[in-house]
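Visitor: Provided below: final_32.txt, containing compact mmCIF, C-alpha atoms and all ligand atoms.
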# COMPACT_ATOMS: atom_id res chain seq x y z
CA MET A 4 118.26 199.74 -23.68
CA LYS A 5 116.28 197.90 -26.31
CA ILE A 6 115.20 194.70 -24.54
CA ALA A 7 113.53 191.60 -26.00
CA VAL A 8 111.43 189.75 -23.42
CA MET A 9 110.94 186.20 -24.71
CA GLY A 10 107.90 184.76 -22.95
CA GLY A 11 106.71 188.23 -21.92
CA ASP A 12 103.06 187.14 -21.65
CA GLY A 13 103.76 184.76 -18.75
CA PHE A 14 103.63 184.97 -14.96
CA ILE A 15 107.05 186.59 -14.56
CA GLY A 16 107.54 187.81 -18.12
CA TRP A 17 104.58 190.20 -17.98
CA PRO A 18 105.49 192.06 -14.76
CA THR A 19 109.12 192.14 -15.92
CA ALA A 20 108.12 193.76 -19.22
CA LEU A 21 106.07 196.38 -17.35
CA HIS A 22 108.82 197.13 -14.85
CA LEU A 23 111.50 197.52 -17.53
CA SER A 24 109.20 199.71 -19.60
CA GLU A 25 108.46 201.92 -16.59
CA VAL A 26 112.16 202.50 -15.85
CA GLY A 27 112.64 203.69 -19.42
CA HIS A 28 113.69 200.72 -21.55
CA ASP A 29 112.33 200.02 -25.03
CA VAL A 30 110.56 196.68 -24.44
CA HIS A 31 109.59 194.14 -27.10
CA ILE A 32 107.71 190.97 -26.13
CA LEU A 33 108.17 187.81 -28.21
CA ASP A 34 105.74 185.08 -27.19
CA ASN A 35 103.85 182.18 -28.78
CA LEU A 36 101.03 182.49 -26.19
CA SER A 37 101.51 178.80 -25.34
CA ARG A 38 100.60 179.38 -21.70
CA ARG A 39 97.12 180.47 -22.80
CA TRP A 40 96.84 177.38 -25.02
CA ILE A 41 97.83 175.15 -22.12
CA ASP A 42 95.04 176.70 -20.02
CA THR A 43 92.67 175.64 -22.78
CA GLU A 44 94.16 172.15 -22.93
CA LEU A 45 93.83 171.71 -19.16
CA GLY A 46 90.42 173.37 -18.97
CA VAL A 47 91.57 175.88 -16.35
CA GLN A 48 92.04 179.62 -16.23
CA SER A 49 94.06 182.12 -14.28
CA LEU A 50 92.35 183.08 -11.00
CA THR A 51 92.67 186.68 -12.13
CA PRO A 52 90.87 187.63 -15.36
CA MET A 53 93.52 188.28 -18.00
CA ASP A 54 93.01 190.31 -21.13
CA SER A 55 94.71 189.54 -24.44
CA ILE A 56 98.34 190.61 -24.69
CA GLN A 57 97.35 193.27 -27.24
CA GLU A 58 94.78 194.71 -24.83
CA ARG A 59 97.25 194.62 -21.94
CA THR A 60 99.84 196.58 -23.92
CA ARG A 61 97.15 199.03 -25.08
CA ILE A 62 96.17 199.73 -21.45
CA TRP A 63 99.83 200.15 -20.50
CA HIS A 64 100.24 202.76 -23.24
CA ALA A 65 97.06 204.56 -22.16
CA GLU A 66 98.25 204.59 -18.52
CA THR A 67 101.87 205.57 -19.04
CA GLY A 68 102.33 206.80 -22.60
CA ARG A 69 104.94 204.06 -23.02
CA ARG A 70 104.74 201.39 -25.72
CA ILE A 71 105.43 197.68 -25.26
CA HIS A 72 105.57 195.91 -28.62
CA PHE A 73 104.23 192.38 -29.07
CA ASN A 74 105.39 189.81 -31.65
CA LEU A 75 103.78 186.39 -32.02
CA ILE A 76 106.85 184.16 -32.44
CA ASP A 77 107.48 180.60 -31.28
CA LEU A 78 111.16 180.46 -30.32
CA GLY A 79 111.30 176.67 -30.44
CA ARG A 80 109.65 176.27 -33.83
CA ASP A 81 110.09 179.50 -35.81
CA TYR A 82 113.88 179.76 -36.02
CA GLU A 83 113.88 181.89 -39.19
CA LEU A 84 111.25 184.29 -37.80
CA LEU A 85 113.25 184.62 -34.59
CA LYS A 86 116.51 185.21 -36.44
CA ASN A 87 114.90 187.77 -38.74
CA TRP A 88 113.39 189.62 -35.81
CA LEU A 89 116.69 189.69 -33.91
CA GLY A 90 118.58 190.73 -37.04
CA GLU A 91 116.18 193.59 -37.71
CA HIS A 92 115.88 194.90 -34.14
CA ARG A 93 119.34 194.04 -32.74
CA PRO A 94 118.34 194.35 -29.03
CA ASP A 95 120.95 195.22 -26.38
CA ALA A 96 119.61 192.50 -24.10
CA VAL A 97 117.39 189.43 -24.39
CA ILE A 98 115.53 187.99 -21.41
CA HIS A 99 114.57 184.36 -21.92
CA PHE A 100 111.44 183.17 -20.09
CA ALA A 101 110.07 181.29 -23.11
CA GLU A 102 109.94 177.78 -21.62
CA GLN A 103 107.30 175.39 -20.24
CA ARG A 104 107.81 175.99 -16.53
CA ALA A 105 105.65 173.53 -14.57
CA ALA A 106 107.15 170.34 -13.14
CA PRO A 107 103.76 168.52 -12.76
CA TYR A 108 102.74 169.41 -16.33
CA SER A 109 106.07 168.06 -17.60
CA MET A 110 105.38 164.73 -15.83
CA LYS A 111 101.74 164.29 -16.93
CA SER A 112 102.33 161.82 -19.78
CA ASP A 113 104.88 160.81 -22.40
CA ARG A 114 103.45 163.51 -24.68
CA HIS A 115 103.98 166.21 -22.04
CA LYS A 116 107.54 165.02 -21.43
CA ASN A 117 108.30 165.26 -25.14
CA TYR A 118 106.67 168.65 -25.43
CA THR A 119 108.61 170.08 -22.50
CA VAL A 120 111.99 168.80 -23.70
CA ASN A 121 111.44 169.78 -27.34
CA ASN A 122 109.99 173.19 -26.55
CA ASN A 123 112.48 174.23 -23.87
CA VAL A 124 115.70 172.92 -25.34
CA SER A 125 114.87 174.10 -28.89
CA ALA A 126 113.87 177.56 -27.68
CA THR A 127 117.14 178.00 -25.81
CA HIS A 128 119.29 176.58 -28.57
CA ASN A 129 117.55 178.55 -31.34
CA LEU A 130 118.17 181.74 -29.42
CA LEU A 131 121.86 181.04 -28.81
CA ASN A 132 122.35 179.88 -32.39
CA ALA A 133 120.73 183.02 -33.82
CA LEU A 134 122.81 185.36 -31.62
CA VAL A 135 126.00 183.78 -32.94
CA GLU A 136 124.84 183.71 -36.55
CA LEU A 137 123.90 187.41 -36.44
CA ASN A 138 127.06 188.36 -34.55
CA LEU A 139 124.73 190.01 -32.06
CA ASP A 140 126.41 190.86 -28.76
CA ALA A 141 123.18 191.09 -26.73
CA HIS A 142 123.36 190.17 -23.03
CA LEU A 143 121.25 187.03 -22.60
CA VAL A 144 119.52 186.77 -19.21
CA HIS A 145 117.88 183.38 -18.68
CA LEU A 146 115.39 182.40 -16.04
CA GLY A 147 116.71 179.14 -14.66
CA THR A 148 115.70 177.32 -11.48
CA MET A 149 117.03 176.37 -8.06
CA GLY A 150 115.85 172.88 -9.01
CA VAL A 151 118.96 172.31 -11.18
CA TYR A 152 120.83 171.65 -7.92
CA GLY A 153 118.28 169.32 -6.37
CA TYR A 154 117.30 170.32 -2.84
CA SER A 155 119.92 168.79 -0.60
CA THR A 156 122.74 170.67 1.01
CA VAL A 157 124.92 167.75 2.15
CA GLY A 158 125.66 170.01 5.11
CA ALA A 159 126.98 172.94 3.03
CA ALA A 160 125.27 175.92 1.43
CA ILE A 161 124.55 175.65 -2.30
CA PRO A 162 126.94 178.09 -4.03
CA GLU A 163 125.94 180.41 -6.88
CA GLY A 164 126.40 178.02 -9.77
CA TYR A 165 130.02 176.98 -9.44
CA LEU A 166 131.63 174.63 -6.92
CA PRO A 167 135.38 174.78 -6.30
CA VAL A 168 136.77 171.23 -6.26
CA GLY A 169 140.23 169.82 -5.67
CA ILE A 170 141.32 167.15 -8.17
CA THR A 171 144.29 164.86 -7.52
CA THR A 172 146.44 164.54 -10.65
CA GLU A 173 148.46 161.48 -11.78
CA SER A 174 151.54 162.98 -10.11
CA GLY A 175 149.71 163.29 -6.77
CA GLU A 176 149.36 167.06 -6.95
CA THR A 177 146.01 168.66 -6.05
CA VAL A 178 144.72 171.16 -8.57
CA SER A 179 141.63 173.24 -7.98
CA GLN A 180 138.92 173.86 -10.52
CA ASP A 181 135.44 175.45 -10.50
CA ILE A 182 132.81 173.07 -11.85
CA LEU A 183 129.08 173.58 -12.32
CA TYR A 184 127.37 172.42 -9.12
CA PRO A 185 126.29 168.82 -9.89
CA ALA A 186 122.93 168.79 -11.63
CA ASN A 187 120.24 166.80 -9.82
CA PRO A 188 116.86 167.55 -11.44
CA GLY A 189 113.64 166.25 -9.88
CA SER A 190 111.38 166.46 -12.94
CA ILE A 191 111.55 166.56 -16.73
CA TYR A 192 110.99 170.31 -16.54
CA HIS A 193 113.90 170.79 -14.13
CA MET A 194 116.01 168.52 -16.34
CA THR A 195 115.51 170.86 -19.32
CA LYS A 196 116.98 173.69 -17.25
CA CYS A 197 120.02 171.50 -16.55
CA LEU A 198 120.39 170.96 -20.31
CA ASP A 199 120.10 174.74 -20.80
CA GLN A 200 123.04 175.18 -18.44
CA LEU A 201 125.28 173.06 -20.67
CA LEU A 202 124.20 174.96 -23.77
CA PHE A 203 125.14 178.20 -22.02
CA GLN A 204 128.55 176.85 -20.99
CA PHE A 205 129.30 175.85 -24.57
CA TYR A 206 128.20 179.10 -26.22
CA ALA A 207 129.97 181.31 -23.65
CA LYS A 208 133.20 179.34 -24.24
CA ASN A 209 132.96 178.89 -28.00
CA ASP A 210 131.39 182.17 -29.13
CA ALA A 211 131.99 184.50 -26.18
CA LEU A 212 128.25 185.12 -25.72
CA ARG A 213 127.48 187.15 -22.61
CA ILE A 214 125.07 185.04 -20.55
CA THR A 215 123.53 185.34 -17.09
CA ASP A 216 121.59 182.38 -15.67
CA LEU A 217 119.24 183.11 -12.77
CA HIS A 218 118.56 180.08 -10.59
CA GLN A 219 115.23 181.09 -9.16
CA GLY A 220 113.27 179.61 -6.26
CA ILE A 221 109.48 179.33 -6.01
CA VAL A 222 107.83 182.66 -6.71
CA TRP A 223 104.98 183.82 -4.49
CA GLY A 224 102.67 186.82 -4.73
CA THR A 225 100.92 188.19 -7.77
CA HIS A 226 101.11 192.00 -7.85
CA THR A 227 104.02 194.29 -8.60
CA ALA A 228 103.96 198.08 -8.47
CA GLN A 229 103.09 198.16 -12.18
CA THR A 230 100.42 195.43 -12.29
CA ARG A 231 98.60 197.31 -9.49
CA ARG A 232 98.26 200.41 -11.69
CA HIS A 233 95.17 199.20 -13.56
CA GLU A 234 92.78 196.26 -13.19
CA GLN A 235 93.53 195.15 -16.77
CA LEU A 236 97.28 195.02 -16.10
CA VAL A 237 96.70 192.31 -13.49
CA ASN A 238 99.15 189.40 -13.53
CA ARG A 239 98.04 185.82 -14.14
CA PHE A 240 97.62 183.73 -10.98
CA ASP A 241 97.59 179.94 -11.18
CA TYR A 242 95.88 177.76 -8.60
CA ASP A 243 95.45 174.43 -10.40
CA GLY A 244 97.36 171.24 -9.55
CA ASP A 245 99.76 171.59 -12.49
CA TYR A 246 100.71 175.27 -12.63
CA GLY A 247 99.85 176.60 -9.17
CA THR A 248 102.95 176.72 -6.95
CA VAL A 249 102.85 175.75 -3.34
CA LEU A 250 102.58 178.99 -1.36
CA ASN A 251 100.20 180.72 -3.78
CA ARG A 252 98.10 177.54 -3.88
CA PHE A 253 97.82 177.40 -0.09
CA LEU A 254 96.73 181.04 0.02
CA ILE A 255 94.04 180.50 -2.61
CA GLN A 256 92.91 177.29 -0.92
CA ALA A 257 92.58 179.17 2.37
CA ALA A 258 90.54 181.87 0.65
CA ILE A 259 88.02 179.40 -0.82
CA GLY A 260 87.76 177.14 2.24
CA TYR A 261 89.62 174.21 0.62
CA PRO A 262 91.91 172.08 2.81
CA LEU A 263 95.59 172.99 2.33
CA THR A 264 97.06 170.29 0.08
CA VAL A 265 100.30 169.22 1.79
CA HIS A 266 102.11 166.43 -0.07
CA GLY A 267 103.37 163.65 2.20
CA THR A 268 104.71 165.00 5.50
CA GLY A 269 105.30 168.42 3.97
CA GLY A 270 108.96 167.91 4.84
CA GLN A 271 110.33 169.46 1.63
CA THR A 272 112.29 172.66 2.21
CA ARG A 273 112.35 175.02 -0.77
CA ALA A 274 113.70 178.43 -1.70
CA PHE A 275 111.22 181.30 -2.19
CA ILE A 276 111.15 184.80 -3.65
CA HIS A 277 108.38 187.39 -3.97
CA ILE A 278 107.45 188.37 -7.52
CA GLN A 279 108.40 192.02 -6.95
CA ASP A 280 111.92 190.90 -5.94
CA SER A 281 112.07 188.57 -8.92
CA VAL A 282 111.49 191.52 -11.25
CA ARG A 283 114.07 193.65 -9.38
CA CYS A 284 116.65 190.87 -9.62
CA ILE A 285 116.21 190.69 -13.39
CA GLU A 286 116.83 194.44 -13.61
CA LEU A 287 119.94 194.09 -11.40
CA ALA A 288 121.22 191.28 -13.62
CA LEU A 289 120.69 193.44 -16.72
CA LYS A 290 122.70 196.26 -15.15
CA ASN A 291 125.59 193.92 -14.35
CA PRO A 292 126.37 191.89 -17.48
CA PRO A 293 129.41 189.64 -17.63
CA ALA A 294 132.29 190.83 -19.84
CA ARG A 295 132.57 189.29 -23.30
CA GLY A 296 134.66 186.16 -23.10
CA SER A 297 134.02 185.52 -19.41
CA ARG A 298 132.19 182.52 -17.97
CA VAL A 299 128.41 182.31 -17.59
CA GLU A 300 127.33 184.52 -14.67
CA ILE A 301 125.08 182.59 -12.26
CA PHE A 302 122.94 184.06 -9.47
CA ASN A 303 120.76 182.24 -6.96
CA GLN A 304 117.53 184.23 -7.23
CA MET A 305 115.85 183.49 -3.90
CA THR A 306 115.47 185.32 -0.61
CA GLU A 307 114.44 182.74 2.00
CA THR A 308 113.83 179.03 2.55
CA HIS A 309 110.80 177.38 4.16
CA ARG A 310 109.52 173.89 4.82
CA VAL A 311 106.18 173.16 3.12
CA ARG A 312 104.40 172.03 6.33
CA ASP A 313 105.57 175.18 8.17
CA LEU A 314 104.00 177.30 5.42
CA ALA A 315 100.76 175.31 5.69
CA ARG A 316 100.70 175.75 9.49
CA MET A 317 101.44 179.46 9.20
CA ILE A 318 98.59 179.96 6.70
CA GLY A 319 96.33 177.70 8.78
CA ASP A 320 97.00 179.90 11.86
CA MET A 321 96.46 183.06 9.84
CA THR A 322 93.20 182.01 8.17
CA GLY A 323 91.77 179.06 10.11
CA ALA A 324 92.24 176.73 7.09
CA GLU A 325 92.53 172.99 7.72
CA ILE A 326 95.44 170.92 6.44
CA ALA A 327 94.97 167.79 4.26
CA TRP A 328 97.96 165.41 4.43
CA LEU A 329 97.95 163.76 0.98
CA PRO A 330 99.90 161.01 -0.78
CA ASN A 331 102.78 162.78 -2.52
CA PRO A 332 102.32 162.66 -6.33
CA ARG A 333 106.05 163.40 -6.75
CA LYS A 334 109.15 161.28 -6.35
CA GLU A 335 111.02 163.44 -3.87
CA ALA A 336 112.67 162.99 -0.47
CA PRO A 337 110.10 163.06 2.33
CA GLU A 338 112.29 165.59 4.20
CA ASN A 339 115.19 167.78 3.11
CA GLU A 340 117.29 170.63 4.48
CA LEU A 341 118.22 173.48 2.18
CA VAL A 342 120.78 176.22 2.67
CA VAL A 343 121.46 178.52 -0.28
CA LYS A 344 123.91 181.33 -0.89
CA ASN A 345 122.37 184.49 -2.37
CA ASP A 346 125.09 187.05 -1.56
CA LYS A 347 125.46 188.29 -5.12
CA PHE A 348 122.04 189.95 -5.38
CA LEU A 349 122.25 191.21 -1.79
CA ASP A 350 125.65 192.79 -2.63
CA LEU A 351 124.06 194.46 -5.67
CA GLY A 352 121.49 196.10 -3.38
CA LEU A 353 118.50 193.72 -3.30
CA SER A 354 116.43 194.36 -0.18
CA PRO A 355 114.28 191.23 0.17
CA THR A 356 110.52 191.24 0.66
CA LYS A 357 109.98 188.58 3.31
CA LEU A 358 106.94 186.42 3.95
CA LYS A 359 106.02 188.23 7.14
CA ASP A 360 105.58 191.56 5.33
CA GLY A 361 101.78 191.49 5.19
CA LEU A 362 101.68 190.55 1.52
CA LEU A 363 100.29 187.13 2.43
CA SER A 364 96.97 188.61 3.51
CA GLU A 365 96.93 190.77 0.35
CA ILE A 366 97.04 187.55 -1.71
CA VAL A 367 94.21 186.02 0.30
CA ASP A 368 92.21 189.19 -0.47
CA VAL A 369 92.97 188.87 -4.22
CA ALA A 370 91.94 185.20 -4.06
CA LYS A 371 88.69 186.03 -2.23
CA LYS A 372 87.88 188.73 -4.78
CA TYR A 373 88.13 186.27 -7.68
CA SER A 374 87.08 183.09 -5.85
CA TYR A 375 83.97 182.83 -8.08
CA ARG A 376 86.38 181.90 -10.92
CA VAL A 377 87.84 178.87 -9.11
CA ASP A 378 86.92 175.37 -10.30
CA ARG A 379 87.45 173.26 -7.15
CA SER A 380 87.84 170.08 -9.21
CA ARG A 381 91.08 171.51 -10.69
CA VAL A 382 92.72 172.15 -7.32
CA PRO A 383 94.14 168.64 -6.57
CA ALA A 384 97.61 167.84 -7.97
CA VAL A 385 97.09 164.61 -9.91
CA SER A 386 100.13 164.48 -12.22
CA ALA A 387 102.08 161.61 -10.70
CA TRP A 388 105.80 161.07 -11.20
CA THR A 389 105.42 157.28 -11.75
CA LYS A 390 102.55 154.89 -12.46
CA ASP A 391 102.99 153.29 -8.99
CA ILE A 392 102.51 156.66 -7.35
CA ALA A 393 99.49 157.43 -9.57
CA ALA A 394 97.73 154.32 -8.24
CA LYS A 395 97.83 155.79 -4.70
CA ILE A 396 96.16 159.09 -5.65
CA VAL A 397 92.54 158.09 -5.67
CA HIS A 398 90.61 160.74 -3.74
CA ASP A 399 90.75 164.50 -3.74
CA PRO A 400 91.23 166.31 -0.41
CA GLU A 401 87.46 166.67 -0.05
CA GLY A 402 87.02 162.89 -0.28
CA ARG A 403 85.70 162.69 -3.87
CA ARG A 404 87.00 159.90 -6.05
CA LEU A 405 89.28 161.25 -8.81
CA LYS A 406 88.31 160.32 -12.35
CA SER A 407 91.76 160.36 -13.88
CA VAL A 408 95.24 160.59 -12.47
CA SER A 409 97.25 161.50 -15.53
N1 LIG B 1 103.62 170.91 -2.83
C1 LIG B 1 102.68 170.57 -1.84
N2 LIG B 1 101.38 170.85 -2.09
C2 LIG B 1 100.95 171.48 -3.22
C3 LIG B 1 101.89 171.85 -4.20
C4 LIG B 1 103.22 171.55 -3.98
O1 LIG B 1 103.02 170.00 -0.81
O2 LIG B 1 99.73 171.70 -3.34
C5 LIG B 1 105.04 170.62 -2.61
C6 LIG B 1 105.67 169.79 -3.72
O3 LIG B 1 105.51 168.40 -3.50
C7 LIG B 1 107.11 170.26 -3.65
C8 LIG B 1 107.02 171.72 -3.21
O4 LIG B 1 105.73 171.86 -2.65
O5 LIG B 1 107.81 169.56 -2.67
C9 LIG B 1 107.20 172.74 -4.31
O6 LIG B 1 106.27 172.53 -5.36
P1 LIG B 1 105.86 173.73 -6.35
O7 LIG B 1 104.82 173.23 -7.27
O8 LIG B 1 105.57 174.96 -5.56
O9 LIG B 1 107.26 174.04 -7.09
P2 LIG B 1 108.06 173.27 -8.26
O10 LIG B 1 107.29 172.19 -8.87
O11 LIG B 1 109.40 172.94 -7.71
O12 LIG B 1 108.25 174.39 -9.38
C10 LIG B 1 108.15 175.80 -9.13
C11 LIG B 1 107.93 176.47 -10.50
C12 LIG B 1 109.17 176.28 -11.36
C13 LIG B 1 110.40 176.76 -10.64
C14 LIG B 1 110.55 176.05 -9.30
C15 LIG B 1 111.66 176.62 -8.45
O13 LIG B 1 106.76 175.96 -11.13
O14 LIG B 1 109.00 176.98 -12.58
O15 LIG B 1 111.56 176.51 -11.42
O16 LIG B 1 109.32 176.26 -8.54
S1 LIG B 1 112.35 175.41 -7.37
O17 LIG B 1 111.26 174.72 -6.66
O18 LIG B 1 113.20 176.09 -6.43
O19 LIG B 1 113.06 174.44 -8.20
In structure tokens, write the structure found in this file.
Guide:
Amino acid sequence: MKIAVMGGDGFIGWPTALHLSEVGHDVHILDNLSRRWIDTELGVQSLTPMDSIQERTRIWHAETGRRIHFNLIDLGRDYELLKNWLGEHRPDAVIHFAEQRAAPYSMKSDRHKNYTVNNNVSATHNLLNALVELNLDAHLVHLGTMGVYGYSTVGAAIPEGYLPVGITTESGETVSQDILYPANPGSIYHMTKCLDQLLFQFYAKNDALRITDLHQGIVWGTHTAQTRRHEQLVNRFDYDGDYGTVLNRFLIQAAIGYPLTVHGTGGQTRAFIHIQDSVRCIELALKNPPARGSRVEIFNQMTETHRVRDLARMIGDMTGAEIAWLPNPRKEAPENELVVKNDKFLDLGLSPTKLKDGLLSEIVDVAKKYSYRVDRSRVPAVSAWTKDIAAKIVHDPEGRRLKSVS
């Protein structure tokens, strides 16, 4: 297949592009390199040293003989460029990762809220709009988030996208209908993914676009089989308070002797998936497109759930790291339960990589190898969800007074 990977320079986009290229697809990356610009804005860098996208694709070609093409296009701002590219190349499938993906970054300031909404919603809408305009029947696979559901189970497992409900009509009859599981976003970033869902519903209904939405949990790990092939194919690995996600952050913190930064009581339960499984799920979704005219296909892309404090204790036991119990910068329930259905990927043959598989210590080794690149002052999470919360975040976990909280 000819596959366009929108956002193919990012944390999941890059290993996905490599994996799809290795299994024989013709892969084209479209990316505006915004993630690299945001590193510059925040004054941080990936723990792992990343080469330019051009150099990465050159190394891939040298290693495998396979080409991955790169196009510098901003989906949210360059509609005509995007449309022209799609019209010229007419891919069989489009994978859409091209969105600002960090909840703390989206809550940093009014400017970051605007950026996240404008960037994410425009990128998604431009893509859908162009597919219709070009009469291009490419399967669109979008990376969504478990966070569209919120994180509460009200005593029942979260279904894969749709919830069957019974509605009592005027005549007293009960009719059943599948509705999208009620959206309950916890950040501006997560809210944009809820808006994406509505755009997908409309375009699948109105224009019969074939769309798959993957509601993914928190990704952990860094390597896949392909990124291991050469030092310069290494994936990016974020540790800072805005882009680093919880499990990877704890592992890096353990490796550099930094106290594990648990927010509040650590009572949040979240869904997780290893990056190798994430890439496999995307391939499985590509192989199983919905029929034209059918509803948006939704998968829950996660393999297990864990409570944040249990992860911290597990990593503490494994490495001897101490735990710092910090004021929570986010507005979220102190404790939550989470049960999620993920039968669809399991039925398609996904064999999950679980936390206990030894990959945790591999990540600590990666973190130790590159620990000289860590700026400890960028480890604390200081983007607060409200001004009241910001006032409580005064010291970093090592007791230093923080200069700025937003
Ligand atoms: N947390 C800590 N300490 C930390 C960092 C996070 O206790 O140092 C806590 C947070 O308060 C939160 C939980 O860990 O309760 C998860 O935070 P996170 O930063 O790992 O994940 P989140 O902000 O939800 O976002 C990440 C990705 C996002 C993806 C989402 C999937 O950045 O792109 O959509 O995970 S999910 O969480 O299932 O919605």
Visitor: Mind checking which residues fall within 12 Å of A:Val47, counting all atoms listed in the file, ignoring those fewer than 6 positions away in the same chain, and posting them as a list in words?
Guide: Arg38, Arg39, Trp40, Ile41, Phe240, Asp241, Tyr242, Asp243, Gly244, Asp245, Tyr246, Gly247, Arg376, Val377, Asp378, Arg379, Ser380, Arg381 and Val382 of chain A
Visitor: For atom CA of A:Ala387 and atom CA of A:Ile326, determine how far apart the two atoms are, in Å to one decimal place.
Guide: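 Going from atom CA of A:Ala387 over to atom CA of A:Ile326 covers 20.6 Å.
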Visitor: Which residue out of A:Pro162, A:Gly68, A:Gly10, A:Pro188 has the minimum interatomic distance to ligand LIG 1 (chain B) when all atoms listed in the file are used?
Guide: A:Pro188
Visitor: Which polymer residues have any atom within 12 Å of an atom of A:Thr248, counting all atoms listed in the file, with same-chain residues fewer than 4 positions away left out, as a compact mmCIF listing (two decimals) with C-alpha atoms, keeping the file's coordinate frame?
Guide:
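Okay, this is what ended up in around-v6.txt:
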# COMPACT_ATOMS: atom_id res chain seq x y z
CA PHE A 14 103.63 184.97 -14.96
CA ARG A 104 107.81 175.99 -16.53
CA ALA A 105 105.65 173.53 -14.57
CA ALA A 106 107.15 170.34 -13.14
CA PRO A 107 103.76 168.52 -12.76
CA TYR A 108 102.74 169.41 -16.33
CA GLY A 220 113.27 179.61 -6.26
CA ILE A 221 109.48 179.33 -6.01
CA VAL A 222 107.83 182.66 -6.71
CA TRP A 223 104.98 183.82 -4.49
CA GLY A 224 102.67 186.82 -4.73
CA THR A 225 100.92 188.19 -7.77
CA PHE A 240 97.62 183.73 -10.98
CA ASP A 241 97.59 179.94 -11.18
CA TYR A 242 95.88 177.76 -8.60
CA ASP A 243 95.45 174.43 -10.40
CA GLY A 244 97.36 171.24 -9.55
CA ARG A 252 98.10 177.54 -3.88
CA PHE A 253 97.82 177.40 -0.09
CA LEU A 254 96.73 181.04 0.02
CA ILE A 255 94.04 180.50 -2.61
CA GLN A 256 92.91 177.29 -0.92
CA THR A 264 97.06 170.29 0.08
CA VAL A 265 100.30 169.22 1.79
CA ARG A 273 112.35 175.02 -0.77
CA PHE A 275 111.22 181.30 -2.19
CA ILE A 276 111.15 184.80 -3.65
CA VAL A 311 106.18 173.16 3.12
CA VAL A 382 92.72 172.15 -7.32
CA PRO A 383 94.14 168.64 -6.57
CA ALA A 384 97.61 167.84 -7.97
Visitor: Name the closest residue to ligand LIG 1 (chain B) among the candidates A:Ile62, A:Ile366, A:Ala274, A:Ile32; distances are taken between atoms, counting only C-alpha atoms and all ligand atoms.
Guide: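 Closest residue, counting only C-alpha atoms and all ligand atoms: A:Ala274.
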Visitor: What is the atom CA of A:Ala370-atom CA of A:Ile278 distance in Å, reported with one decimal?
Guide: 16.2 Å
Visitor: Find the axis-aligned box for ligand LIG 1 (chain B), covering all its listed atoms and adding 6 Å on each side, and write its centre and edge lengths in Å to one decimal as AutoDock Vina command-line options.
Guide:
--center_x 106.5 --center_y 172.7 --center_z -6.7 --size_x 25.5 --size_y 20.6 --size_z 23.8
Visitor: Nearest to ligand LIG 1 (chain B) among A:Val249, A:Leu349, A:Ala186, A:Met110, with distances taken over all atoms listed in the file: which residue is it?
Guide: A:Val249
Visitor: Would you mind listing, for every residue of stretch 89-201 of chain A within 8 Å of stretch 73-80 of chain A, the two atoms forming the shortest contact and the distance between them in Å to one decimal, using only C-alpha atoms, sorted by chain and ascending residue number, as a Markdown table?
Guide:
| residue | atom | partner | partner_atom | distance |
| --- | --- | --- | --- | --- |
| A:Ala101 | CA | A:Leu78 | CA | 7.3 |
| A:Asn121 | CA | A:Gly79 | CA | 7.6 |
| A:Asn122 | CA | A:Gly79 | CA | 5.4 |
| A:Asn123 | CA | A:Gly79 | CA | 7.1 |
| A:Val124 | CA | A:Gly79 | CA | 7.7 |
| A:Ser125 | CA | A:Gly79 | CA | 4.7 |
| A:Ala126 | CA | A:Gly79 | CA | 3.9 |
| A:Thr127 | CA | A:Gly79 | CA | 7.6 |
| A:Asn129 | CA | A:Gly79 | CA | 6.6 |
| A:Leu130 | CA | A:Leu78 | CA | 7.2 |
Visitor: Keeping only C-alpha atoms, write the selected residues to a file as a tab-separated table (two decimals), in the coordinates of the input.
Guide:
chain	number	residue	atom	x	y	z
A	101	ALA	CA	110.07	181.29	-23.11
A	121	ASN	CA	111.44	169.78	-27.34
A	122	ASN	CA	109.99	173.19	-26.55
A	123	ASN	CA	112.48	174.23	-23.87
A	124	VAL	CA	115.70	172.92	-25.34
A	125	SER	CA	114.87	174.10	-28.89
A	126	ALA	CA	113.87	177.56	-27.68
A	127	THR	CA	117.14	178.00	-25.81
A	129	ASN	CA	117.55	178.55	-31.34
A	130	LEU	CA	118.17	181.74	-29.42
Visitor: Counting only C-alpha atoms, figure out which residue out of A:Gln180, A:Thr268, A:Asn132, A:Asn345 gets nearest to A:Tyr82.
Guide: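 Looking only at the distances to A:Tyr82, the closest residue turns out to be A:Asn132.
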Visitor: Please, which residues are within 12 Å of (92.9, 195.3, -15.7) by the file's coordinates, counting all atoms listed in the file, and could they come as a list in words?
Guide: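 Within 12 Å of (92.9, 195.3, -15.7), the protein and nucleic acid residues are Thr51, Pro52, Met53, Asp54, Ser55, Ile56, Glu58, Arg59, Thr60, Arg61, Ile62, Trp63, Glu66, His226, Gln229, Thr230, Arg231, Arg232, His233, Glu234, Gln235, Leu236, Val237, Asn238 and Arg239 of chain A.
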Visitor: Just the number, please: distance in Å from atom CA of A:Gly352 to atom CA of A:Gln304, one decimal.
Guide: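 Atom CA of A:Gln304 lies at a distance of 13.1 Å from atom CA of A:Gly352.
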Visitor: Between A:Tyr192, A:Tyr373, A:Tyr206, A:Trp328, which one has atoms that come closest to A:His266, using only C-alpha atoms?
Guide: A:Trp328
